[in-house]
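Here is the structure we will look at, set down as structure tokens.
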Amino acid sequence: MPGKRYGYVEPMSTSDDTTKQKLIALGAILAIVASALWIYRIEFATPQFNVPLHQAVGRVMAEETSRLVGHSGTVLIVAMDTSKAPELKVQLDAFENRLKLLGKITVKDRLMLDPGENPKYRPGSGLSAKRFLKIARKNAIVDAIVSFVGAPELTDADLARLKSVPTFVAEAHSPERLIPLLEKKILQVAIVPRYEFPAPGPRKPETDRQWFDNKFQIVTLETVASVSKARLGDAPEQ
């Protein structure tokens with residue numbers, strides 16, 4: 001039998017070609033699946049926070065703002081980079097959507113603060129006195145300033161520098177610190193974590209307003225006395 005010629009390579013069989021094509025196709029499919037899962041996780045996966053609750057916060061902020069400015073006027077939103085606080089995006093979207101339904105109120109501007117590495121910045125906290133004074137001076141013509149990053153602690157010297165300030169609504173964390181601002185009529189309405197118990201409504205909320213009443217409440221000058229009387233540190237777990 002004659003031997004194989006030196007340097008001769010037998011051509012790949014049809015079965016080898018088919019296997020290679022199948023492996024390439026399988027790799028492409030796996031890459032597509034992995035990409036789809038990544039996109040779903042980023043865009044559509046269930047967020048790790050209570051969506052109805054944060055929607056309710058935004059809607060109540062809009063309702064209180066509309067009530068104060070008479071259902072017409074201009075609003076400045078003060079918030080922060082929502083990529084670092086995704087629940088804040090839910091609040092802001094709910095706020096603007098509800099505002100559109102409540103009258104002729106327009107959002108003049110959205111001031112999105114960059115918190116950097118400052119841990120104080122989060123929904124309901126972070127707005128400093130220096131920043132607030134600057135915002136109030138530059139936006140004196142708007143009808144309302146709505147802060148989703150808290151309310152500042154102002155000294156007497158700070159207050160003396162304030163010639164005027166638009167209607168001020170804020171989401172805040174510390175009700176007790178708001179008392180001077182409410183009493184001096186710098187702040188008109190604050191949305192704060194609930195400090196009076198038992199909370200109204202069912203123990204297991206179902207609607208967005210039930211969620212709000214269960215976890216948050218509204219503070220105004222008329223209700224500020226309840227803040228000073230409440231024992232905030234003894235609030236029961238919800």
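The way I read the labels, and the way they are meant: chains A, B, ... in the order of the structure tokens, residue 1 as the first residue of every chain, and ligand 1 as the first ligand shown, with later ones counted on from there.
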Neighbour list for region 130-139 of chain A as number ranges by chain, cut-off 9 Å, only C-alpha atoms, skip fewer than 4 positions in-chain: A: 76, 78, 145, 151-152, 154, 158, 161-166
Export C-alpha atoms of the chosen residues as a compact mmCIF listing (two decimals), in the first residue's frame?
```
# COMPACT_ATOMS: atom_id res chain seq x y z
CA LEU A 76 -37.33 75.07 41.41
CA VAL A 78 -33.38 70.88 44.39
CA ILE A 145 -38.25 75.94 46.10
CA ALA A 151 -33.61 71.70 54.86
CA PRO A 152 -30.62 73.69 56.17
CA LEU A 154 -29.71 78.45 59.64
CA ASP A 158 -27.84 83.39 58.05
CA ARG A 161 -28.81 87.70 55.16
CA LEU A 162 -32.12 86.43 53.80
CA LYS A 163 -34.03 89.40 52.42
CA SER A 164 -36.77 87.16 51.10
CA VAL A 165 -37.27 83.52 50.24
CA PRO A 166 -39.85 81.80 48.02
```
Each residue of region 145-177 of chain A lying at most 12 Å from region 93-110 of chain A should get a row with its shortest atom-to-atom pair and the distance in Å to one decimal, counting only C-alpha atoms; could you produce that, ordered by chain and increasing number, as a tab-separated table?
```
residue	atom	partner	partner_atom	distance
A:Ile145	CA	A:Asp109	CA	10.0
A:Val146	CA	A:Arg110	CA	9.7
A:Ser147	CA	A:Arg110	CA	10.1
A:Phe148	CA	A:Phe95	CA	10.3
A:Glu171	CA	A:Phe95	CA	11.9
```
Keeping only N, CA and C atoms, write the selected residues to a file as a PDB file, in the first residue's frame.
```
ATOM      1  N   ILE A 145     -39.436  76.788  46.146  1.00  0.00           N
ATOM      2  CA  ILE A 145     -38.254  75.936  46.104  1.00  0.00           C
ATOM      3  C   ILE A 145     -38.636  74.626  46.781  1.00  0.00           C
ATOM      4  N   VAL A 146     -38.444  73.520  46.075  1.00  0.00           N
ATOM      5  CA  VAL A 146     -38.806  72.213  46.612  1.00  0.00           C
ATOM      6  C   VAL A 146     -37.533  71.379  46.722  1.00  0.00           C
ATOM      7  N   SER A 147     -37.134  71.100  47.944  1.00  0.00           N
ATOM      8  CA  SER A 147     -35.893  70.363  48.185  1.00  0.00           C
ATOM      9  C   SER A 147     -36.189  68.912  48.557  1.00  0.00           C
ATOM     10  N   PHE A 148     -35.566  68.003  47.830  1.00  0.00           N
ATOM     11  CA  PHE A 148     -35.643  66.581  48.146  1.00  0.00           C
ATOM     12  C   PHE A 148     -34.410  66.131  48.928  1.00  0.00           C
ATOM     13  N   GLU A 171     -38.296  67.690  51.854  1.00  0.00           N
ATOM     14  CA  GLU A 171     -38.262  66.358  52.454  1.00  0.00           C
ATOM     15  C   GLU A 171     -37.079  66.339  53.400  1.00  0.00           C
TER      16      GLU A 171
END
```
Backbone DSSP call of helix (DSSP H, G or I) for region 6-238 of chain A, listed as a PyMOL selection string: chain A and resi 14-43+51-69+82-84+86-101+129-138+156-161+175-183+208-215+221-229+232-234
Residue with smallest distance to Ala225 (chain A) - pool A:Ala190, A:Met80, A:Ile179, A:Leu68, counting only C-alpha atoms: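 Closest residue, counting only C-alpha atoms: A:Ile179.
In this model, the gap between CA of Val219 (chain A) and CA of Glu153 (chain A) comes to 16.4 Å.
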Interatomic distance (Å, one decimal) between CA of Pro193 (chain A) and CA of Val57 (chain A):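 Between these atoms lies a distance of 10.4 Å.
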Top pick for closest residue to Lys215 (chain A), considering A:Asn118, A:Thr82, A:Asn50, A:Ser72 and counting only C-alpha atoms: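 Nearest candidate to Lys215 (chain A) out of A:Asn118, A:Thr82, A:Asn50, A:Ser72: A:Asn50.
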Shortest interatomic distance to Ile191 (chain A) - which of A:Arg67, A:Arg59, A:Lys120, A:Lys229, counting only C-alpha atoms: A:Arg59
Option closest in space to Ala160 (chain A), from A:Ser226, A:Pro198, A:Gln217, A:Lys184 [counting only C-alpha atoms]: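 Of A:Ser226, A:Pro198, A:Gln217, A:Lys184, the one nearest Ala160 (chain A), counting only C-alpha atoms, is A:Lys184.
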